[in-house]
Amino acid sequence: MTTKVIDVKNGFQSQDDIKEAASILLAGGLVVFPTETVYGLGGDATNESSAQKIYAAKGRPSDNPLIIHIASPEEAEPYAVTSETYYRLAKAFMPGPLTVVLPRKESIPLRTTGGLQTVAVRCPSHPIARALIREAGIPIAAPSANLSGKPSPTCARHVIEDLSGRVDMILDGGNSEIGLESTIVALDGNRATLLRPGAITADALRCVCESVTVAPSVVAQLAENERPLSPGMKYKHYAPSVPFVLLKGSKNNILDFLKKEQKEKKCAILCYSEETAELENKNLVDIGKSENLDEQAKRLFTALRDADKLGVDIIYGHLPTTDGIGLALYNRMLRAAAHTILEV
Ligand code: TXA
Ligand code: MG
């Protein structure tokens, strides 16, 4: 299959483009589109065979459910059993980087939900995503547009690397604004369980929900046969092809350790901007200033992909704080590092 790439950095330039993208979806094809979090690999959420095509294009196990994307919160009605808490969350955070898991209605095939009786609903804020959902007039099922196991794509280059020839169309909207996938919550009445941390933080959710419990799989390694609340948490993810090790310790200890490693090993470093002057200018990938968590979130997935191409034997990074969006960074980095933390 040839993949058509369309530049939509300044919006859809013609009616023909948006009509073509929507008609691909309606005909059961696949369109990659930008969202404010990461790029999505979209298909018709109401069409079983589209879901099957998505799993095949990504090389993803078919028991890992897909998020359905809608253009406004009420559009969840035909597909999910909504609740008062859903609408309160929607009022506070939608459109935006929040996904809510709700009981499924029959209109969403089990193939889309990976066999679960629940469905994950998200209303993205990106204008291209919203325009596409509206034009197609259907909910769009979309996992992140990477090959299974790779970091989620935050620009069209990543998508092209992974999915060229596997999808009908890629809409290139430039760099993703947030850079990490949406926050996912499951609801029990007014109580929420955080299944995946993202830019909508646990504290922000606490302003709406009576309680927010962080699922154990967010920060801890699952036991061999443990079943996570969110199926995606059990899969290897984001991992570079060489060991990735997270360093824990004082600023000085970490710098001393890295300087020594640079002399002795072929290593790449996901470093803070202020460290670049102190380290040897070799295989450094700047992920932003240490105090700027938003910038680090935005750059992490590109940094992991870039570091993996340097031909080194090991990659080092900093163990992030778990405050605010730090919890999302911590979660993704821990999984990329397969929970390898080195105290120095
Ligand atoms: O920001 C995002 O959420 C991006 C953009 C494209 O919207 N999408 C995304 O999708 O990250 P994906 O498929 O890569 O990750 C969705 C996660 C998976 O870990 C999946 O297991 C979980 O959501 N999930 C989906 N439906 C679920 C459900 N019904 N119950 C629990 N977890 C669910
Ligand atoms: Mg994903």
# chains A, B, ... in the order shown; residues from 1 in each chain; ligands from 1
>>> select_by_dssp(residues="region 124-252 of chain A", states="strand (DSSP E)", output="number ranges by chain")
A: 140-141, 169-172, 183-188, 191-196, 211-214, 244-248
>>> write_last_selection(atoms="C-alpha atoms", output="mmCIF file, in the first residue's frame")
data_model
loop_
_atom_site.group_PDB
_atom_site.id
_atom_site.type_symbol
_atom_site.label_atom_id
_atom_site.label_comp_id
_atom_site.auth_asym_id
_atom_site.auth_seq_id
_atom_site.Cartn_x
_atom_site.Cartn_y
_atom_site.Cartn_z
ATOM 1 C CA ILE A 140 -12.408 7.107 15.543
ATOM 2 C CA ALA A 141 -10.642 4.204 17.246
ATOM 3 C CA MET A 169 -2.803 8.335 4.902
ATOM 4 C CA ILE A 170 -0.712 10.325 7.378
ATOM 5 C CA LEU A 171 -1.749 13.847 8.359
ATOM 6 C CA ASP A 172 1.412 15.744 9.317
ATOM 7 C CA THR A 183 -4.356 10.369 31.295
ATOM 8 C CA ILE A 184 -6.652 7.319 31.602
ATOM 9 C CA VAL A 185 -9.154 6.938 34.449
ATOM 10 C CA ALA A 186 -11.703 4.274 35.320
ATOM 11 C CA LEU A 187 -14.719 5.366 37.373
ATOM 12 C CA ASP A 188 -16.633 3.786 40.215
ATOM 13 C CA ARG A 191 -14.246 7.563 42.709
ATOM 14 C CA ALA A 192 -11.539 7.317 40.071
ATOM 15 C CA THR A 193 -8.667 4.946 39.482
ATOM 16 C CA LEU A 194 -5.776 6.402 37.522
ATOM 17 C CA LEU A 195 -4.776 3.715 35.019
ATOM 18 C CA ARG A 196 -2.253 5.774 33.086
ATOM 19 C CA SER A 211 -10.976 10.127 45.507
ATOM 20 C CA VAL A 212 -8.280 9.220 43.000
ATOM 21 C CA THR A 213 -6.327 6.013 43.485
ATOM 22 C CA VAL A 214 -3.227 5.445 41.406
ATOM 23 C CA PHE A 244 18.313 2.019 29.364
ATOM 24 C CA VAL A 245 19.229 2.814 32.963
ATOM 25 C CA LEU A 246 17.679 5.481 35.187
ATOM 26 C CA LEU A 247 19.995 7.216 37.648
ATOM 27 C CA LYS A 248 18.965 8.195 41.132
#
>>> closest_atom_pairs(of="region 134-244 of chain A", to="region 284-297 of chain A", cutoff="10 Å", atoms="only C-alpha atoms", output="CSV")
residue,atom,partner,partner_atom,distance
A:Glu177,CA,A:Asp294,CA,9.5
A:Ile178,CA,A:Ala297,CA,6.7
A:Gly179,CA,A:Ala297,CA,5.7
A:Leu180,CA,A:Ala297,CA,6.1
A:Glu181,CA,A:Ala297,CA,9.8
A:Gly198,CA,A:Ala297,CA,9.3
A:Ala199,CA,A:Asp294,CA,8.6
>>> residues_near_ligand(ligand="ligand 2", cutoff="8 Å", atoms="only C-alpha atoms and all ligand atoms", output="count of residues only")
9
>>> residues_around(residues="Arg305 (chain A)", least_positions_apart="6", cutoff="12 Å", atoms="only C-alpha atoms", output="ChimeraX atom specification")
/A:146,149-155,157-159,161-162,238-242,244,268,270,285,299,311,315,336
>>> write_last_selection(atoms="C-alpha atoms", output="tab-separated table (two decimals), in the first residue's frame")
chain	number	residue	atom	x	y	z
A	146	ASN	CA	3.77	3.58	16.53
A	149	GLY	CA	6.77	-1.67	21.57
A	150	LYS	CA	8.21	1.57	20.14
A	151	PRO	CA	7.79	4.99	21.76
A	152	SER	CA	4.60	6.81	20.77
A	153	PRO	CA	5.09	9.16	17.81
A	154	THR	CA	5.23	12.89	18.49
A	155	CYS	CA	5.92	14.01	14.90
A	157	ARG	CA	8.81	11.53	10.97
A	158	HIS	CA	8.25	8.95	13.75
A	159	VAL	CA	5.02	7.79	12.12
A	161	GLU	CA	9.52	5.45	10.24
A	162	ASP	CA	7.07	2.99	11.78
A	238	TYR	CA	9.01	2.41	24.67
A	239	ALA	CA	12.10	0.28	25.16
A	240	PRO	CA	15.28	1.14	23.24
A	241	SER	CA	17.22	-1.79	21.73
A	242	VAL	CA	20.09	-1.39	24.25
A	244	PHE	CA	18.31	2.02	29.36
A	268	ALA	CA	24.26	7.95	25.30
A	270	LEU	CA	19.30	11.76	28.09
A	285	VAL	CA	20.34	14.05	23.98
A	299	ARG	CA	10.87	15.67	24.17
A	311	GLY	CA	24.85	2.94	18.07
A	315	ILE	CA	21.64	4.73	27.52
A	336	ALA	CA	11.34	2.16	28.85
>>> closest_residue(among="A:Ser176, A:Asn253, A:Thr322, A:Gln221", to="Phe301 (chain A)", atoms="only C-alpha atoms")
A:Ser176
>>> residues_around(residues="Ile24 (chain A)", least_positions_apart="2", cutoff="12 Å", atoms="only C-alpha atoms", output="list in words")
Thr3, Lys4, Asp17, Ile18, Lys19, Glu20, Ala21, Ala22, Leu26, Ala27, Gly28, Gly29, Leu30, Val31, Val32, Gly42, Gly43, Asp44, Ser50, Leu132, Glu135, Ala136, Ile140, Val167, Asp168, Met169 and Ile170 of chain A
>>> atom_distance(atom1="CA of Ala120 (chain A)", atom2="atom 1 (O, counted along the ligand's line) of ligand 1")
11.2 Å
>>> closest_residue(among="A:Val101, A:Leu25, A:Met94, A:Val219", to="Ala71 (chain A)", atoms="only C-alpha atoms")
A:Met94
>>> residues_around(residues="Val344 (chain A)", least_positions_apart="3", cutoff="10 Å", atoms="only C-alpha atoms", output="PyMOL selection string")
chain A and resi 247-258+341
>>> residues_around(residues="Cys207 (chain A)", least_positions_apart="6", cutoff="12 Å", atoms="only C-alpha atoms", output="ChimeraX atom specification")
/A:85,88-89,91-93,190-192,200-201
>>> closest_residue(among="A:Ser72, A:Gln52, A:Thr112, A:Gln15", to="ligand 1", atoms="only C-alpha atoms and all ligand atoms")
A:Thr112
